[in-house]
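Q: Next up is a structure, given as structure tokens.
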2 protein chains.
Amino acid sequence: MVTSTVENYLKHVLLLSEEADDLVSMGALAAALAVVPGTATTMVKALADGGLVEHQPRHGVRLTDEGRSVALNVLRKHRLVETFLVNVLKMDWAKVHQEAERLEHAVSDEVLDRLDALLGHPGTDPHGDPIPSRQGKLRSQVYATLATCATERRFRIVRVTDQSPEFLQFAEQNGLQPGTSLRVTERNLAAGLLTLRKPAGRPIALSLAAAGKILVEPEK
Amino acid sequence: MVTSTVENYLKHVLLLSEEADDLVSMGALAAALAVVPGTATTMVKALADGGLVEHQPRHGVRLTDEGRSVALNVLRKHRLVETFLVNVLKMDWAKVHQEAERLEHAVSDEVLDRLDALLGHPGTDPHGDPIPSRQGKLRSQVYATLATCATERRFRIVRVTDQSPEFLQFAEQNGLQPGTSLRVTERNLAAGLLTLRKPAGRPIALSLAAAGKILVEPEK
DNA sequence: AAAGGTATTTTGAATAGTCAAAATAAATGT
DNA sequence: ACATTTATTTTGACTATTCAAAATACCTTT
Ligand SMILES: [Mn+2]
Ligand SMILES: [Mn+2]
Ligand SMILES: [Mn+2]
Ligand SMILES: [Mn+2]
């Protein structure tokens, strides 16, 4: 049976397999789900029994086609719900991840379709995370980050990859959200620090670690 | 811990205690929750341990103040969610009960408040069921039904008490929804049948059992 | 190749919720 | 009052999910 626990496991395998090339390690999966490693092993074996993942003992997990399709559907629900909460209910973008974490398991496919239409079929959620299509296509483009992009050139923020309320709140306060255009004026590798400017406004200082979580693309 | 199972038990004790004077029987509770009676007994003892209900063995259950407040909050979520699904997402009023049955456990108090505001603080849901206030007041007025009201006088439908998709679909097809005004033209107790007319349109025949599920109030 | 360290798996036990079926209590009919 | 029916409770067992802790496998480093 596809319980919400199963949905969470599959979703996190999907998310982790975008970083980790191919196989997702038990340790990473357990950490993402906030369970002890043994629990992850047990569940993964059960999922493998159910044909939702492929388990290579001692190496890691991979989604099967069926598991991937379930995971994409959950991710689509998660991100559309976040978009609804921000765009329609005007909720703080730092709080919506937590809400969506529960709602993604309670929203039916029909409600999902209607939300999608109400929102105008958005391609990304408020954080810039791509929303899988109904058919299960997930656009996963590779972007530069503020930590790696050229200096003195103009870029636009396309995505903020860090769900933590603290980081999102900080980003919001400094206007660092998808759509914002800016340029990096200075980057000090030794100090692990960089400075950026928006067209108007005072310079903002950022650690390289933080900058690496902000994806950008060059402005035309 | 207040799991969604606990929420469901409490909500159903609340709903059943509106009919059954005071104590709710195990049989009725078990039936409402679609579990075997023994399961209800076990859960009710656990709820009593947790201070959420008072259990009088062999007689029935009653909510404590704490249990009642949890139940009212869940009911408020249920009915506001139904209202959202119908008014905003334009979903079929026959389907929303099922949806709300899951969503009521996933919606946070903050989302609830925002939904409430978005909807304009409605007093009833699409079926005419009263929505508990944020402070936990539940208006439970006594109405006449189409089975008991006077004939040849004009009434307005205020509530349809039957969540089953079949009945709701039937009611919708015949325009028997809250707000509709009509009069009973004929009532045949022996045959268990009655006929009613809306201002415009052909007469509608209804069983007394069905008519008893439609609550009305006299039009001014 | 042996020793350590790290990641993973196994094992045993716990919790929440459920059912089947047996036991018991209460209500009803004669 | 006694037997029957009905409602409730008890008992034992099962599933899903989790943790703690022990066992094992796989790497690194010497
Ligand atoms: Mn989740
Ligand atoms: Mn997001
Ligand atoms: Mn429910
Ligand atoms: Mn309703």
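Please note that chains go A, B, ... in the order of the structure tokens, that every chain numbers its residues from 1, and that ligands are numbered from 1 in the order shown.
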Please provide the set of residues having any atom within 12 Å of DA3 of chain D, restricted to only C-alpha atoms (C1' of nucleotides), with same-chain residues fewer than 3 positions apart removed, written as number ranges by chain.
A: C: 28-30
Q: Could you save the residues just selected, with N, CA and C atoms (P, O5', C5', C4', C3', O3' and C1' of nucleotides), as a CSV table (one decimal), in the first residue's frame?
A:
```csv
chain,number,residue,atom,x,y,z
C,28,DT,P,-35.1,-3.4,26.5
C,28,DT,O5',-35.6,-4.8,26.1
C,28,DT,C5',-35.0,-5.4,24.9
C,28,DT,C4',-35.8,-6.7,24.7
C,28,DT,C3',-37.3,-6.7,25.0
C,28,DT,O3',-37.9,-7.2,23.8
C,28,DT,C1',-36.3,-8.5,26.2
C,29,DG,P,-39.5,-7.3,23.8
C,29,DG,O5',-39.7,-8.9,24.0
C,29,DG,C5',-39.0,-9.8,23.1
C,29,DG,C4',-39.5,-11.2,23.5
C,29,DG,C3',-41.0,-11.3,23.6
C,29,DG,O3',-41.3,-12.6,23.1
C,29,DG,C1',-39.9,-11.9,25.6
C,30,DT,P,-42.8,-13.1,22.9
C,30,DT,O5',-43.1,-14.2,24.0
C,30,DT,C5',-42.3,-15.4,24.0
C,30,DT,C4',-42.4,-16.1,25.3
C,30,DT,C3',-43.9,-16.3,25.7
C,30,DT,O3',-44.1,-17.7,26.0
C,30,DT,C1',-42.6,-15.4,27.5
```
Q: List all protein, DNA and RNA residues that have at least one atom no more than 12 Å from any atom of ligand 3, counting only C-alpha atoms (C1' of nucleotides) and all ligand atoms, and write them as a ChimeraX atom specification.
A: /A:106 /B:3-12,32-34,71,74-79,81,97-107
Q: List as a PyMOL selection string the protein and nucleic acid residues near DT11 of chain D, meaning an atom at most 10 Å away when only C-alpha atoms (C1' of nucleotides) are counted, but skip any in the same chain fewer than 6 places from it.
A: chain C and resi 21-23
Q: Return as a list in words every polymer residue, whether protein, DNA or RNA, with at least one atom no more than 7 Å from an atom of ligand 2; count only C-alpha atoms (C1' of nucleotides) and all ligand atoms.
A: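 Result of the 7 Å neighbour search around ligand 2: Arg79, Glu82, His97, Asp125, Pro126, His127, Gly128, Asp129 and Gln163 of chain A.
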Q: For Leu63 of chain A, list every protein, DNA or RNA residue within 10 Å, evaluated using only C-alpha atoms (C1' of nucleotides), and leave out those in the same chain fewer than 2 positions away; present the list as a CSV table (one decimal) with N, CA, C and O atoms, in the first residue's frame.
A:
```csv
chain,number,residue,atom,x,y,z
A,10,LEU,N,9.9,7.6,-1.2
A,10,LEU,CA,10.1,7.7,-2.7
A,10,LEU,C,10.5,9.1,-3.1
A,10,LEU,O,11.4,9.3,-3.9
A,11,LYS,N,9.8,10.1,-2.5
A,11,LYS,CA,10.1,11.5,-2.9
A,11,LYS,C,11.6,11.8,-2.6
A,11,LYS,O,12.3,12.4,-3.4
A,13,VAL,N,14.1,9.7,-2.2
A,13,VAL,CA,15.0,9.0,-3.1
A,13,VAL,C,15.1,9.8,-4.4
A,13,VAL,O,16.2,10.0,-4.9
A,14,LEU,N,14.0,10.3,-4.9
A,14,LEU,CA,14.0,11.1,-6.1
A,14,LEU,C,14.9,12.3,-6.0
A,14,LEU,O,15.8,12.6,-6.8
A,17,SER,N,18.6,11.5,-5.6
A,17,SER,CA,19.2,11.0,-6.8
A,17,SER,C,19.5,12.1,-7.9
A,17,SER,O,20.2,11.8,-8.9
A,22,ASP,N,23.0,8.6,-9.6
A,22,ASP,CA,22.4,7.3,-9.7
A,22,ASP,C,22.0,6.8,-8.3
A,22,ASP,O,20.9,7.1,-7.8
A,23,LEU,N,22.8,5.9,-7.7
A,23,LEU,CA,22.4,5.3,-6.5
A,23,LEU,C,22.4,6.2,-5.3
A,23,LEU,O,23.3,7.0,-5.1
A,24,VAL,N,21.3,6.1,-4.5
A,24,VAL,CA,21.2,6.9,-3.2
A,24,VAL,C,21.7,6.0,-2.1
A,24,VAL,O,21.2,4.9,-1.9
A,47,LEU,N,10.1,-1.6,0.2
A,47,LEU,CA,9.8,-0.9,-1.1
A,47,LEU,C,10.2,-1.8,-2.2
A,47,LEU,O,9.5,-1.8,-3.3
A,48,ALA,N,11.4,-2.4,-2.1
A,48,ALA,CA,11.9,-3.2,-3.2
A,48,ALA,C,11.0,-4.4,-3.4
A,48,ALA,O,10.7,-4.8,-4.6
A,51,GLY,N,8.2,-3.5,-5.5
A,51,GLY,CA,8.6,-3.1,-6.9
A,51,GLY,C,8.7,-1.6,-7.1
A,51,GLY,O,8.7,-1.1,-8.2
A,52,LEU,N,8.9,-0.8,-6.0
A,52,LEU,CA,8.9,0.6,-6.1
A,52,LEU,C,10.4,1.1,-6.2
A,52,LEU,O,10.6,2.2,-6.8
A,53,VAL,N,11.3,0.3,-5.7
A,53,VAL,CA,12.7,0.7,-5.8
A,53,VAL,C,13.5,-0.6,-6.1
A,53,VAL,O,13.1,-1.7,-5.9
A,54,GLU,N,14.8,-0.3,-6.5
A,54,GLU,CA,15.7,-1.4,-6.7
A,54,GLU,C,16.8,-1.2,-5.7
A,54,GLU,O,17.3,-0.1,-5.5
A,55,HIS,N,17.0,-2.3,-4.9
A,55,HIS,CA,17.9,-2.1,-3.8
A,55,HIS,C,19.2,-3.0,-4.1
A,55,HIS,O,19.1,-4.2,-4.3
A,61,VAL,N,20.0,2.7,-3.2
A,61,VAL,CA,18.7,2.5,-3.8
A,61,VAL,C,18.6,3.3,-5.1
A,61,VAL,O,19.2,4.4,-5.2
A,65,ASP,N,10.6,2.5,-12.5
A,65,ASP,CA,9.8,3.4,-13.2
A,65,ASP,C,8.5,3.7,-12.4
A,65,ASP,O,8.0,4.8,-12.3
A,66,GLU,N,8.0,2.6,-11.8
A,66,GLU,CA,6.7,2.8,-11.0
A,66,GLU,C,7.0,3.7,-9.8
A,66,GLU,O,6.2,4.6,-9.5
A,67,GLY,N,8.1,3.5,-9.1
A,67,GLY,CA,8.4,4.3,-8.0
A,67,GLY,C,8.7,5.7,-8.3
A,67,GLY,O,8.2,6.7,-7.7
A,68,ARG,N,9.3,5.9,-9.5
A,68,ARG,CA,9.6,7.3,-9.9
A,68,ARG,C,8.3,8.0,-10.3
A,68,ARG,O,8.2,9.2,-10.0
A,69,SER,N,7.4,7.3,-10.8
A,69,SER,CA,6.1,8.0,-11.2
A,69,SER,C,5.3,8.4,-9.9
A,69,SER,O,4.7,9.5,-9.9
A,70,VAL,N,5.4,7.5,-8.9
A,70,VAL,CA,4.7,7.9,-7.6
A,70,VAL,C,5.5,9.1,-7.0
A,70,VAL,O,4.8,10.1,-6.6
A,71,ALA,N,6.8,9.1,-7.0
A,71,ALA,CA,7.6,10.2,-6.4
A,71,ALA,C,7.3,11.5,-7.2
A,71,ALA,O,7.2,12.5,-6.5
```
Q: Taking only C-alpha atoms (C1' of nucleotides) into account, what are the residues of chain A at most 9 Å from chain C, put as a ChimeraX atom specification?
A: /A:26-27,37-38,41-42,57-59
Q: I need the residue nearest chain A from this list: D:DT30, D:DT24, D:DT18, D:DT8. Use only C-alpha atoms (C1' of nucleotides) for the distance.
A: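 Nearest candidate to chain A out of D:DT30, D:DT24, D:DT18, D:DT8: D:DT18.
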Q: Could you tell me how far atom CA of Val96 of chain B sits from atom CA of Asn73 of chain B, in Å to one decimal place?
A: 18.2 Å
Q: Would you give me, as a ChimeraX atom specification, the residues of chain D that come within 10 Å of chain B, using only C-alpha atoms (C1' of nucleotides)?
A: /D:7-10
Q: So that I have them on file, write out the residues from the current selection with N, CA, C and O atoms (P, O5', C5', C4', C3', O3' and C1' of nucleotides), as a PDB file, in the first residue's frame.
A:
```
ATOM      1  P    DA D   7     -27.855  -4.607  18.948  1.00  0.00           P
ATOM      2  O5'  DA D   7     -26.936  -4.364  20.226  1.00  0.00           O
ATOM      3  C5'  DA D   7     -27.472  -3.692  21.361  1.00  0.00           C
ATOM      4  C4'  DA D   7     -26.340  -3.440  22.335  1.00  0.00           C
ATOM      5  C3'  DA D   7     -25.129  -2.768  21.688  1.00  0.00           C
ATOM      6  O3'  DA D   7     -24.729  -1.717  22.555  1.00  0.00           O
ATOM      7  C1'  DA D   7     -24.491  -4.844  22.683  1.00  0.00           C
ATOM      8  P    DT D   8     -23.390  -0.874  22.378  1.00  0.00           P
ATOM      9  O5'  DT D   8     -22.345  -1.720  23.243  1.00  0.00           O
ATOM     10  C5'  DT D   8     -22.584  -1.871  24.640  1.00  0.00           C
ATOM     11  C4'  DT D   8     -21.434  -2.633  25.253  1.00  0.00           C
ATOM     12  C3'  DT D   8     -20.052  -2.066  24.948  1.00  0.00           C
ATOM     13  O3'  DT D   8     -19.487  -1.669  26.194  1.00  0.00           O
ATOM     14  C1'  DT D   8     -20.106  -4.425  24.669  1.00  0.00           C
ATOM     15  P    DT D   9     -18.009  -1.107  26.310  1.00  0.00           P
ATOM     16  O5'  DT D   9     -17.159  -2.432  26.627  1.00  0.00           O
ATOM     17  C5'  DT D   9     -17.518  -3.219  27.763  1.00  0.00           C
ATOM     18  C4'  DT D   9     -16.642  -4.452  27.821  1.00  0.00           C
ATOM     19  C3'  DT D   9     -15.138  -4.165  27.757  1.00  0.00           C
ATOM     20  O3'  DT D   9     -14.548  -4.776  28.890  1.00  0.00           O
ATOM     21  C1'  DT D   9     -15.739  -5.891  26.241  1.00  0.00           C
ATOM     22  P    DT D  10     -12.995  -4.610  29.190  1.00  0.00           P
ATOM     23  O5'  DT D  10     -12.409  -6.016  28.721  1.00  0.00           O
ATOM     24  C5'  DT D  10     -13.038  -7.208  29.181  1.00  0.00           C
ATOM     25  C4'  DT D  10     -12.397  -8.419  28.533  1.00  0.00           C
ATOM     26  C3'  DT D  10     -10.869  -8.384  28.481  1.00  0.00           C
ATOM     27  O3'  DT D  10     -10.404  -9.588  29.065  1.00  0.00           O
ATOM     28  C1'  DT D  10     -11.762  -8.902  26.337  1.00  0.00           C
TER      29       DT D  10
END
```
Q: Could you please write out, as an NGL selection string, every residue of segment 5-192 of chain B that DSSP assigns to helix (DSSP H, G or I)?
A: :B and (5-19 or 26-33 or 37-49 or 65-87 or 96-103 or 109-118 or 165-173)
Q: Could you jot down the atom CA of Ile214 of chain A to atom CA of Asp116 of chain A separation for me, Å, one decimal place?
A: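 Atom CA of Asp116 of chain A lies at a distance of 25.8 Å from atom CA of Ile214 of chain A.
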Q: Just how far from atom CA of Val216 of chain A is atom CA of Phe167 of chain A, in Å to one decimal?
A: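 Distance reported for this atom pair: 16.9 Å.
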Q: To test your reading of the structure, identify every residue in segment 33-95 of chain B that backbone DSSP assigns to strand (DSSP E), and report it as a PyMOL selection string.
A: chain B and resi 53-56+60-63
Q: Using only C-alpha atoms (C1' of nucleotides), which protein or nucleic acid residues come within 10 Å of Gly192 of chain B? Drop anything in the same chain fewer than 5 positions from it, and give the result as a PyMOL selection string.
A: chain B and resi 147+187+206-209+211
Q: With distances taken over only C-alpha atoms, which residue among A:Val36, A:Ala94, A:Cys149, A:Val86 lies nearest Leu168 of chain A?
A: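 Checking each candidate against Leu168 of chain A, we get A:Ala94 as the closest.
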Q: Kindly indicate which residue among A:Met1, A:Leu72, A:Leu29, A:Leu115 lies nearest to chain B, using only C-alpha atoms for the distances.
A: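 Among the listed residues, the smallest separation from chain B belongs to A:Leu115.
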